[in-house]
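File shown: target_21.csv (CSV, N, CA and C atoms).
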chain,number,residue,atom,x,y,z
Y,1,MET,N,102.8,-34.5,52.7
Y,1,MET,CA,104.1,-34.7,53.2
Y,1,MET,C,104.6,-33.5,54.0
Y,2,ASN,N,105.1,-33.7,55.1
Y,2,ASN,CA,105.7,-32.6,55.9
Y,2,ASN,C,107.2,-32.7,55.8
Y,3,ILE,N,107.8,-31.5,55.5
Y,3,ILE,CA,109.2,-31.4,55.4
Y,3,ILE,C,109.7,-30.4,56.4
Y,4,GLN,N,110.6,-31.0,57.3
Y,4,GLN,CA,111.2,-30.1,58.4
Y,4,GLN,C,112.6,-29.9,58.0
Y,5,GLN,N,113.1,-28.7,57.9
Y,5,GLN,CA,114.4,-28.4,57.5
Y,5,GLN,C,115.3,-28.3,58.8
Y,6,ILE,N,116.4,-29.1,58.8
Y,6,ILE,CA,117.2,-29.1,60.0
Y,6,ILE,C,118.6,-28.6,59.5
Y,7,ASN,N,119.2,-27.7,60.3
Y,7,ASN,CA,120.5,-27.2,59.9
Y,7,ASN,C,121.5,-27.5,61.1
Y,8,LYS,N,122.6,-28.2,60.7
Y,8,LYS,CA,123.6,-28.5,61.7
Y,8,LYS,C,124.9,-28.5,61.0
Y,9,ASN,N,125.9,-27.9,61.6
Y,9,ASN,CA,127.2,-27.7,61.1
Y,9,ASN,C,127.2,-27.1,59.7
Y,10,GLY,N,126.3,-26.2,59.5
Y,10,GLY,CA,126.2,-25.5,58.2
Y,10,GLY,C,125.6,-26.4,57.1
Y,11,VAL,N,125.0,-27.5,57.5
Y,11,VAL,CA,124.5,-28.4,56.5
Y,11,VAL,C,123.0,-28.5,56.6
Y,12,SER,N,122.3,-28.4,55.5
Y,12,SER,CA,120.8,-28.5,55.5
Y,12,SER,C,120.3,-29.9,55.2
Y,13,ILE,N,119.5,-30.4,56.1
Y,13,ILE,CA,118.9,-31.7,56.0
Y,13,ILE,C,117.4,-31.6,56.0
Y,14,ALA,N,116.8,-32.4,55.2
Y,14,ALA,CA,115.3,-32.5,55.1
Y,14,ALA,C,114.8,-33.7,55.8
Y,15,TYR,N,114.0,-33.5,56.9
Y,15,TYR,CA,113.4,-34.6,57.6
Y,15,TYR,C,111.9,-34.7,57.2
Y,16,LEU,N,111.6,-35.8,56.5
Y,16,LEU,CA,110.3,-36.0,55.9
Y,16,LEU,C,109.4,-36.9,56.8
Y,17,THR,N,108.1,-36.5,57.0
Y,17,THR,CA,107.2,-37.3,57.7
Y,17,THR,C,105.9,-37.3,56.9
Y,18,ASN,N,105.2,-38.4,56.9
Y,18,ASN,CA,104.0,-38.6,56.1
Y,18,ASN,C,103.2,-39.7,56.7
Y,19,ASN,N,101.9,-39.7,56.5
Y,19,ASN,CA,101.1,-40.8,56.9
Y,19,ASN,C,101.0,-42.0,56.0
Y,20,GLU,N,101.5,-41.8,54.8
Y,20,GLU,CA,101.5,-42.8,53.7
Y,20,GLU,C,103.0,-43.1,53.4
Y,21,LYS,N,103.2,-44.2,52.6
Y,21,LYS,CA,104.5,-44.5,52.1
Y,21,LYS,C,105.1,-43.5,51.2
Y,22,LEU,N,106.3,-43.1,51.5
Y,22,LEU,CA,107.0,-42.1,50.7
Y,22,LEU,C,107.9,-42.8,49.6
Y,23,ILE,N,108.3,-44.0,50.0
Y,23,ILE,CA,109.1,-44.8,49.0
Y,23,ILE,C,108.5,-46.2,48.8
Y,24,SER,N,107.8,-46.4,47.7
Y,24,SER,CA,107.2,-47.6,47.4
Y,24,SER,C,107.7,-48.3,46.1
Y,25,ASP,N,108.4,-47.5,45.3
Y,25,ASP,CA,109.0,-47.9,44.1
Y,25,ASP,C,110.0,-46.9,43.6
Y,26,VAL,N,110.6,-47.2,42.5
Y,26,VAL,CA,111.7,-46.3,42.0
Y,26,VAL,C,111.2,-44.9,41.7
Y,27,GLN,N,110.0,-44.8,41.1
Y,27,GLN,CA,109.4,-43.5,40.7
Y,27,GLN,C,109.1,-42.7,41.9
Y,28,SER,N,108.6,-43.3,43.0
Y,28,SER,CA,108.3,-42.5,44.2
Y,28,SER,C,109.6,-42.0,44.8
Y,29,ALA,N,110.7,-42.8,44.7
Y,29,ALA,CA,111.9,-42.3,45.3
Y,29,ALA,C,112.4,-41.1,44.5
Y,30,LEU,N,112.3,-41.2,43.1
Y,30,LEU,CA,112.7,-40.0,42.3
Y,30,LEU,C,111.9,-38.8,42.6
Y,31,ASP,N,110.5,-39.0,42.7
Y,31,ASP,CA,109.6,-37.9,43.1
Y,31,ASP,C,110.0,-37.3,44.4
Y,32,LEU,N,110.4,-38.1,45.4
Y,32,LEU,CA,110.8,-37.6,46.7
Y,32,LEU,C,112.0,-36.7,46.6
Y,33,MET,N,113.0,-37.2,45.9
Y,33,MET,CA,114.2,-36.4,45.7
Y,33,MET,C,113.9,-35.1,45.0
Y,34,ALA,N,113.1,-35.1,44.0
Y,34,ALA,CA,112.7,-33.9,43.3
Y,34,ALA,C,112.0,-32.9,44.2
Y,35,THR,N,111.0,-33.4,44.9
Y,35,THR,CA,110.3,-32.6,45.8
Y,35,THR,C,111.1,-31.9,46.9
Y,36,VAL,N,112.1,-32.7,47.5
Y,36,VAL,CA,112.9,-32.1,48.5
Y,36,VAL,C,113.8,-31.0,47.9
Y,37,ARG,N,114.4,-31.3,46.7
Y,37,ARG,CA,115.3,-30.3,46.1
Y,37,ARG,C,114.5,-29.0,45.7
Y,38,TYR,N,113.2,-29.2,45.4
Y,38,TYR,CA,112.4,-28.0,45.1
Y,38,TYR,C,112.0,-27.2,46.4
Y,39,GLU,N,111.5,-28.0,47.4
Y,39,GLU,CA,111.0,-27.4,48.6
Y,39,GLU,C,112.1,-26.8,49.5
Y,40,VAL,N,113.2,-27.5,49.6
Y,40,VAL,CA,114.3,-27.1,50.4
Y,40,VAL,C,115.5,-26.9,49.4
Y,41,THR,N,115.6,-25.8,48.9
Y,41,THR,CA,116.5,-25.5,47.8
Y,41,THR,C,117.8,-26.2,47.8
Y,42,ASP,N,117.9,-27.1,46.7
Y,42,ASP,CA,119.1,-27.9,46.5
Y,42,ASP,C,119.6,-28.7,47.7
Y,43,CYS,N,118.7,-29.1,48.5
Y,43,CYS,CA,119.0,-30.0,49.6
Y,43,CYS,C,119.2,-31.5,49.1
Y,44,ASN,N,120.3,-32.1,49.4
Y,44,ASN,CA,120.5,-33.5,49.0
Y,44,ASN,C,120.7,-34.4,50.2
Y,45,LEU,N,120.2,-34.0,51.3
Y,45,LEU,CA,120.3,-34.9,52.5
Y,45,LEU,C,118.9,-35.1,53.1
Y,46,ILE,N,118.5,-36.4,53.1
Y,46,ILE,CA,117.1,-36.7,53.5
Y,46,ILE,C,117.0,-37.7,54.6
Y,47,ILE,N,116.1,-37.5,55.5
Y,47,ILE,CA,115.8,-38.4,56.6
Y,47,ILE,C,114.3,-38.8,56.4
Y,48,VAL,N,114.1,-40.1,56.4
Y,48,VAL,CA,112.7,-40.7,56.4
Y,48,VAL,C,112.6,-41.7,57.5
Y,49,ASN,N,111.3,-42.0,57.9
Y,49,ASN,CA,111.1,-43.0,58.9
Y,49,ASN,C,110.9,-44.4,58.1
Y,50,LYS,N,111.3,-45.4,58.7
Y,50,LYS,CA,111.2,-46.8,58.2
Y,50,LYS,C,109.8,-47.1,57.8
Y,51,SER,N,108.8,-46.6,58.6
Y,51,SER,CA,107.4,-46.9,58.4
Y,51,SER,C,106.9,-46.3,57.1
Y,52,GLU,N,107.7,-45.3,56.5
Y,52,GLU,CA,107.3,-44.6,55.3
Y,52,GLU,C,107.9,-45.2,54.1
Y,53,VAL,N,108.6,-46.4,54.3
Y,53,VAL,CA,109.3,-47.1,53.2
Y,53,VAL,C,108.6,-48.4,53.0
Y,54,SER,N,108.3,-48.8,51.8
Y,54,SER,CA,107.6,-50.1,51.5
Y,54,SER,C,108.3,-51.2,52.2
Y,55,GLU,N,107.6,-52.2,52.7
Y,55,GLU,CA,108.2,-53.4,53.3
Y,55,GLU,C,108.9,-54.2,52.3
Y,56,ALA,N,108.5,-54.1,51.0
Y,56,ALA,CA,109.2,-54.8,49.9
Y,56,ALA,C,110.7,-54.3,49.8
Y,57,PHE,N,110.9,-53.1,50.2
Y,57,PHE,CA,112.3,-52.6,50.2
Y,57,PHE,C,113.2,-53.4,51.0
Y,58,PHE,N,112.7,-53.9,52.1
Y,58,PHE,CA,113.6,-54.7,53.1
Y,58,PHE,C,113.6,-56.2,52.7
Y,59,ASP,N,113.0,-56.6,51.7
Y,59,ASP,CA,113.1,-58.0,51.1
Y,59,ASP,C,114.0,-57.8,49.9
Y,60,LEU,N,115.2,-58.2,50.1
Y,60,LEU,CA,116.2,-57.9,49.1
Y,60,LEU,C,116.0,-58.7,47.8
Y,61,LYS,N,115.2,-59.8,47.9
Y,61,LYS,CA,114.8,-60.5,46.7
Y,61,LYS,C,114.0,-59.7,45.7
Y,62,THR,N,113.3,-58.7,46.1
Y,62,THR,CA,112.5,-57.9,45.2
Y,62,THR,C,113.4,-56.9,44.4
Y,63,ARG,N,114.6,-56.7,44.8
Y,63,ARG,CA,115.6,-55.8,44.2
Y,63,ARG,C,115.2,-54.3,44.3
Y,64,LEU,N,114.1,-54.1,45.1
Y,64,LEU,CA,113.7,-52.7,45.2
Y,64,LEU,C,114.7,-51.8,45.9
Y,65,ALA,N,115.3,-52.3,47.0
Y,65,ALA,CA,116.3,-51.5,47.7
Y,65,ALA,C,117.5,-51.2,46.8
Y,66,GLY,N,118.0,-52.1,46.1
Y,66,GLY,CA,119.1,-51.8,45.2
Y,66,GLY,C,118.8,-50.8,44.1
Y,67,GLU,N,117.6,-50.9,43.5
Y,67,GLU,CA,117.2,-50.0,42.5
Y,67,GLU,C,117.0,-48.6,43.0
Y,68,VAL,N,116.3,-48.5,44.2
Y,68,VAL,CA,116.0,-47.2,44.8
Y,68,VAL,C,117.3,-46.5,45.2
Y,69,LEU,N,118.1,-47.3,45.9
Y,69,LEU,CA,119.4,-46.7,46.4
Y,69,LEU,C,120.3,-46.3,45.3
Y,70,GLN,N,120.3,-47.0,44.2
Y,70,GLN,CA,121.1,-46.6,43.1
Y,70,GLN,C,120.7,-45.3,42.5
Y,71,LYS,N,119.4,-45.0,42.6
Y,71,LYS,CA,118.9,-43.7,42.1
Y,71,LYS,C,119.4,-42.6,43.1
Y,72,PHE,N,119.4,-42.8,44.4
Y,72,PHE,CA,119.9,-41.9,45.3
Y,72,PHE,C,121.4,-41.6,45.0
Y,73,ILE,N,122.2,-42.6,44.8
Y,73,ILE,CA,123.6,-42.4,44.5
Y,73,ILE,C,123.8,-41.7,43.2
Y,74,ASN,N,123.0,-42.1,42.1
Y,74,ASN,CA,123.1,-41.4,40.8
Y,74,ASN,C,122.8,-39.9,40.9
Y,75,TYR,N,121.8,-39.6,41.7
Y,75,TYR,CA,121.4,-38.2,41.9
Y,75,TYR,C,122.1,-37.5,43.1
Y,76,GLN,N,123.2,-38.1,43.6
Y,76,GLN,CA,124.0,-37.5,44.6
Y,76,GLN,C,123.2,-37.0,45.8
Y,77,THR,N,122.3,-37.9,46.2
Y,77,THR,CA,121.4,-37.6,47.4
Y,77,THR,C,121.7,-38.7,48.5
Y,78,LYS,N,121.9,-38.2,49.7
Y,78,LYS,CA,122.2,-39.1,50.8
Y,78,LYS,C,120.9,-39.3,51.6
Y,79,ILE,N,120.7,-40.5,52.1
Y,79,ILE,CA,119.4,-40.7,52.9
Y,79,ILE,C,119.7,-41.5,54.1
Y,80,ALA,N,119.0,-41.2,55.2
Y,80,ALA,CA,119.1,-41.9,56.4
Y,80,ALA,C,117.6,-42.4,56.7
Y,81,ILE,N,117.5,-43.7,56.9
Y,81,ILE,CA,116.2,-44.3,57.2
Y,81,ILE,C,116.2,-44.7,58.7
Y,82,ILE,N,115.3,-44.1,59.4
Y,82,ILE,CA,115.3,-44.3,60.9
Y,82,ILE,C,114.2,-45.3,61.3
Y,83,GLY,N,114.6,-46.2,62.2
Y,83,GLY,CA,113.7,-47.2,62.7
Y,83,GLY,C,114.4,-48.3,63.4
Y,84,ASP,N,113.6,-49.3,63.8
Y,84,ASP,CA,114.1,-50.5,64.5
Y,84,ASP,C,114.3,-51.7,63.5
Y,85,TYR,N,115.5,-52.1,63.3
Y,85,TYR,CA,115.8,-53.2,62.3
Y,85,TYR,C,116.0,-54.5,63.0
Y,86,SER,N,115.8,-54.6,64.3
Y,86,SER,CA,116.1,-55.8,65.0
Y,86,SER,C,115.2,-57.0,64.7
Y,87,GLY,N,114.0,-56.7,64.1
Y,87,GLY,CA,113.0,-57.7,63.8
Y,87,GLY,C,113.3,-58.5,62.6
Y,88,TYR,N,114.3,-58.0,61.8
Y,88,TYR,CA,114.6,-58.7,60.5
Y,88,TYR,C,115.6,-59.8,60.8
Y,89,THR,N,115.3,-61.0,60.2
Y,89,THR,CA,116.2,-62.2,60.4
Y,89,THR,C,117.1,-62.5,59.3
Y,90,SER,N,116.9,-61.8,58.1
Y,90,SER,CA,117.6,-62.1,56.9
Y,90,SER,C,119.1,-61.7,57.1
Y,91,LYS,N,120.0,-62.7,57.0
Y,91,LYS,CA,121.4,-62.4,57.1
Y,91,LYS,C,121.9,-61.4,56.0
Y,92,SER,N,121.3,-61.6,54.7
Y,92,SER,CA,121.7,-60.7,53.6
Y,92,SER,C,121.3,-59.3,53.9
Y,93,LEU,N,120.1,-59.1,54.5
Y,93,LEU,CA,119.6,-57.7,54.8
Y,93,LEU,C,120.5,-57.1,55.9
Y,94,LYS,N,120.8,-57.9,56.9
Y,94,LYS,CA,121.7,-57.4,58.0
Y,94,LYS,C,123.1,-57.0,57.4
Y,95,ASP,N,123.6,-57.8,56.5
Y,95,ASP,CA,124.9,-57.5,55.8
Y,95,ASP,C,124.7,-56.2,55.0
Y,96,PHE,N,123.6,-56.1,54.3
Y,96,PHE,CA,123.3,-54.9,53.5
Y,96,PHE,C,123.3,-53.6,54.3
Y,97,ILE,N,122.6,-53.7,55.5
Y,97,ILE,CA,122.5,-52.6,56.4
Y,97,ILE,C,123.9,-52.2,56.9
Y,98,TYR,N,124.6,-53.3,57.3
Y,98,TYR,CA,126.0,-53.0,57.9
Y,98,TYR,C,126.9,-52.3,56.8
Y,99,GLU,N,126.9,-52.8,55.6
Y,99,GLU,CA,127.7,-52.3,54.5
Y,99,GLU,C,127.3,-50.8,54.2
Y,100,SER,N,125.9,-50.6,54.2
Y,100,SER,CA,125.4,-49.3,53.9
Y,100,SER,C,125.9,-48.3,55.0
Y,101,ASN,N,125.8,-48.7,56.2
Y,101,ASN,CA,126.2,-47.8,57.3
Y,101,ASN,C,127.6,-47.5,57.4
Y,102,ASN,N,128.5,-48.3,56.7
Y,102,ASN,CA,129.9,-48.1,56.7
Y,102,ASN,C,130.3,-47.3,55.4
Y,103,GLY,N,129.3,-46.9,54.6
Y,103,GLY,CA,129.5,-46.1,53.4
Y,103,GLY,C,129.3,-44.6,53.7
Y,104,ASN,N,129.0,-43.9,52.6
Y,104,ASN,CA,128.8,-42.5,52.7
Y,104,ASN,C,127.5,-42.0,52.1
Y,105,ASP,N,126.6,-42.9,51.7
Y,105,ASP,CA,125.4,-42.5,51.0
Y,105,ASP,C,124.1,-42.9,51.7
Y,106,ILE,N,124.0,-44.1,52.2
Y,106,ILE,CA,122.7,-44.6,52.8
Y,106,ILE,C,123.0,-45.1,54.2
Y,107,PHE,N,122.1,-44.7,55.1
Y,107,PHE,CA,122.3,-45.1,56.5
Y,107,PHE,C,121.0,-45.6,57.1
Y,108,PHE,N,121.1,-46.7,57.9
Y,108,PHE,CA,120.0,-47.2,58.6
Y,108,PHE,C,120.3,-47.0,60.0
Y,109,VAL,N,119.5,-46.1,60.7
Y,109,VAL,CA,119.8,-45.7,62.1
Y,109,VAL,C,118.6,-45.8,62.9
Y,110,GLN,N,118.8,-45.8,64.3
Y,110,GLN,CA,117.7,-46.0,65.2
Y,110,GLN,C,116.8,-44.8,65.4
Y,111,ASP,N,117.4,-43.5,65.4
Y,111,ASP,CA,116.6,-42.4,65.7
Y,111,ASP,C,117.1,-41.1,64.9
Y,112,VAL,N,116.3,-40.1,65.0
Y,112,VAL,CA,116.6,-38.8,64.3
Y,112,VAL,C,117.9,-38.3,64.6
Y,113,GLU,N,118.3,-38.3,65.9
Y,113,GLU,CA,119.6,-37.7,66.3
Y,113,GLU,C,120.8,-38.4,65.6
Y,114,GLN,N,120.7,-39.8,65.5
Y,114,GLN,CA,121.8,-40.5,64.8
Y,114,GLN,C,121.8,-40.1,63.3
Y,115,ALA,N,120.6,-40.0,62.8
Y,115,ALA,CA,120.5,-39.6,61.3
Y,115,ALA,C,121.1,-38.2,61.1
Y,116,ILE,N,120.8,-37.3,62.0
Y,116,ILE,CA,121.4,-35.9,61.8
Y,116,ILE,C,122.9,-36.0,62.0
Y,117,GLU,N,123.4,-36.7,63.0
Y,117,GLU,CA,124.8,-36.8,63.2
Y,117,GLU,C,125.5,-37.4,61.9
Y,118,LYS,N,125.0,-38.5,61.4
Y,118,LYS,CA,125.6,-39.1,60.2
Y,118,LYS,C,125.6,-38.2,59.0
Y,119,LEU,N,124.5,-37.6,58.7
Y,119,LEU,CA,124.3,-36.7,57.5
Y,119,LEU,C,125.1,-35.4,57.7
Y,120,SER,N,125.1,-34.8,58.8
Y,120,SER,CA,125.7,-33.5,59.0
Y,120,SER,C,127.2,-33.6,59.0
Y,121,SER,N,127.8,-34.8,59.2
Y,121,SER,CA,129.2,-35.0,59.3
Y,121,SER,C,129.8,-35.5,58.0
Y,122,LEU,N,129.0,-35.6,57.0
Y,122,LEU,CA,129.6,-36.1,55.7
Y,122,LEU,C,130.4,-35.0,55.0
Y,123,LYS,N,131.4,-35.4,54.3
Y,123,LYS,CA,132.3,-34.5,53.6
Y,123,LYS,C,131.6,-34.2,52.3
Y,124,ALA,N,131.6,-32.9,51.9
Y,124,ALA,CA,130.9,-32.5,50.6
Y,124,ALA,C,131.7,-33.0,49.4

So that I can check it, write out the structure of this file as structure tokens.
Amino acid sequence: MNIQQINKNGVSIAYLTNNEKLISDVQSALDLMATVRYEVTDCNLIIVNKSEVSEAFFDLKTRLAGEVLQKFINYQTKIAIIGDYSGYTSKSLKDFIYESNNGNDIFFVQDVEQAIEKLSSLKA
């Protein structure tokens, strides 16, 4: 896993890239948060690519998205997942993405620049 530290507006953000899935279940999400906090001292803002998240995450019937994102909220970690979501036809997933993007914890955005803007503008 490659971790690039980005600083904007005095805020530290970890941008993770990997050739394999970073989030495939609840435990992998917990491991990801722990690794980021260790590697980028106390960083709680993470950017990952959609391709590094299990496709089961985007099938809300699996409940994986809810379980994983609840861990991020419990551990006070914000995440932006970058990618193209236009290919999904599920109304419930589109609603989920819309609601998440209007919150303060989880964001589904098109590119790294949008992810950095969202995360760096959050109130502590």

Set the distance at 8 Å and use all atoms listed in the file: which residues neighbour Y:Phe72 once local chain neighbours fewer than 3 positions away are removed? I'd like the list as number ranges by chain.
Y: 29-30, 33, 67-69, 75-79, 105

Might you pull out every residue within 8 Å of stretch 55-63 of chain Y, with all atoms listed in the file counted and same-chain residues fewer than 4 positions away left off, and present them as a list in words?
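Residues meeting the cut-off are Ile23, Ser24, Asp25, Lys50, Ser51, Glu67, Val68, Leu69, Ser92 and Leu93 of chain Y.
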
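Atom N of Y:Glu99 is positioned 16.9 Å from atom CA of Y:Gly87.
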
Do you have the atom CA of Y:Asn101-atom N of Y:Ile81 distance handy?
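Atom-to-atom, atom CA of Y:Asn101 to atom N of Y:Ile81, that is 9.6 Å.
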
Enclose stretch 25-31 of chain Y, meaning all of its atoms listed in the file, in a box aligned along x, y and z, pad it by 8 Å on each side, and list the centre and edge lengths in Å to one decimal, as JSON.
{"center_x": 110.5, "center_y": -42.6, "center_z": 43.0, "size_x": 20.4, "size_y": 26.6, "size_z": 20.6}

Two-atom distance - atom C of Y:Ser100, atom CA of Y:Ala80 (Å):
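It comes out at 9.4 Å.
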
Can you tell me, as an MDAnalysis selection string, which residues in chain Y count as helix (DSSP H, G or I) by DSSP?
chainID Y and resid 26:39 50:52 55:58 60:62 64:74 91:101 112:120

Nearby residues, (119.3, -46.8, 59.2) file frame, 6.5 Å, all atoms listed in the file, as number ranges by chain:
Y: 80-83, 106-110

Writing out the chosen residues with N, CA and C atoms as an mmCIF file, in the frame of the given file:
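Final output, saved to part-v8.cif:
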data_model
loop_
_atom_site.group_PDB
_atom_site.id
_atom_site.type_symbol
_atom_site.label_atom_id
_atom_site.label_comp_id
_atom_site.auth_asym_id
_atom_site.auth_seq_id
_atom_site.Cartn_x
_atom_site.Cartn_y
_atom_site.Cartn_z
ATOM 1 N N ALA Y 80 119.000 -41.200 55.200
ATOM 2 C CA ALA Y 80 119.100 -41.900 56.400
ATOM 3 C C ALA Y 80 117.600 -42.400 56.700
ATOM 4 N N ILE Y 81 117.500 -43.700 56.900
ATOM 5 C CA ILE Y 81 116.200 -44.300 57.200
ATOM 6 C C ILE Y 81 116.200 -44.700 58.700
ATOM 7 N N ILE Y 82 115.300 -44.100 59.400
ATOM 8 C CA ILE Y 82 115.300 -44.300 60.900
ATOM 9 C C ILE Y 82 114.200 -45.300 61.300
ATOM 10 N N GLY Y 83 114.600 -46.200 62.200
ATOM 11 C CA GLY Y 83 113.700 -47.200 62.700
ATOM 12 C C GLY Y 83 114.400 -48.300 63.400
ATOM 13 N N ILE Y 106 124.000 -44.100 52.200
ATOM 14 C CA ILE Y 106 122.700 -44.600 52.800
ATOM 15 C C ILE Y 106 123.000 -45.100 54.200
ATOM 16 N N PHE Y 107 122.100 -44.700 55.100
ATOM 17 C CA PHE Y 107 122.300 -45.100 56.500
ATOM 18 C C PHE Y 107 121.000 -45.600 57.100
ATOM 19 N N PHE Y 108 121.100 -46.700 57.900
ATOM 20 C CA PHE Y 108 120.000 -47.200 58.600
ATOM 21 C C PHE Y 108 120.300 -47.000 60.000
ATOM 22 N N VAL Y 109 119.500 -46.100 60.700
ATOM 23 C CA VAL Y 109 119.800 -45.700 62.100
ATOM 24 C C VAL Y 109 118.600 -45.800 62.900
ATOM 25 N N GLN Y 110 118.800 -45.800 64.300
ATOM 26 C CA GLN Y 110 117.700 -46.000 65.200
ATOM 27 C C GLN Y 110 116.800 -44.800 65.400
#

Nearest-residue call for Y:Gly10, choices Y:Tyr88, Y:Ser120, Y:Asp95, Y:Asn44, using all atoms listed in the file:
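Distance minimum relative to Y:Gly10 lands on Y:Ser120.
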
Which is closer to Y:Ile46 than all the others in Y:Ser90, Y:Ser121, Y:Ala14, Y:Ile3, using only N, CA and C atoms?
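Closest to Y:Ile46, using only N, CA and C atoms: Y:Ala14.
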
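Secondary structure from DSSP on the backbone puts strand (DSSP E) at the following positions of chain Y: Asn2, Ile3, Gln4, Gln5, Ile6, Asn7, Lys8, Val11, Ser12, Ile13, Ala14, Tyr15, Leu16, Thr17, Leu45, Ile46, Ile47, Val48, Asn49, Lys78, Ile79, Ala80, Ile81, Ile82, Ile106, Phe107, Phe108 and Val109 of chain Y.
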
Just so I have it separately, write stretch 55-66 of chain Y from the block I sent, keeping N, CA and C atoms, as a compact mmCIF listing (two decimals), in the first residue's frame.
# COMPACT_ATOMS: atom_id res chain seq x y z
N GLU Y 55 -16.56 -4.65 -4.57
CA GLU Y 55 -17.81 -4.35 -5.28
C GLU Y 55 -19.01 -4.67 -4.38
N ALA Y 56 -18.86 -5.59 -3.45
CA ALA Y 56 -19.95 -5.93 -2.51
C ALA Y 56 -20.34 -4.72 -1.67
N PHE Y 57 -19.41 -3.80 -1.46
CA PHE Y 57 -19.67 -2.58 -0.72
C PHE Y 57 -20.79 -1.77 -1.36
N PHE Y 58 -20.84 -1.79 -2.69
CA PHE Y 58 -21.80 -0.98 -3.43
C PHE Y 58 -23.14 -1.70 -3.67
N ASP Y 59 -23.24 -2.93 -3.18
CA ASP Y 59 -24.50 -3.67 -3.18
C ASP Y 59 -25.04 -3.56 -1.76
N LEU Y 60 -25.95 -2.64 -1.54
CA LEU Y 60 -26.41 -2.34 -0.18
C LEU Y 60 -27.06 -3.52 0.51
N LYS Y 61 -27.53 -4.50 -0.26
CA LYS Y 61 -28.15 -5.69 0.34
C LYS Y 61 -27.14 -6.49 1.17
N THR Y 62 -25.86 -6.36 0.87
CA THR Y 62 -24.84 -7.10 1.62
C THR Y 62 -24.60 -6.49 3.00
N ARG Y 63 -25.03 -5.26 3.19
CA ARG Y 63 -24.86 -4.50 4.43
C ARG Y 63 -23.39 -4.13 4.72
N LEU Y 64 -22.51 -4.45 3.80
CA LEU Y 64 -21.09 -4.16 3.99
C LEU Y 64 -20.83 -2.66 4.11
N ALA Y 65 -21.45 -1.87 3.25
CA ALA Y 65 -21.23 -0.41 3.28
C ALA Y 65 -21.62 0.15 4.64
N GLY Y 66 -22.77 -0.21 5.14
CA GLY Y 66 -23.22 0.29 6.43
C GLY Y 66 -22.31 -0.12 7.57
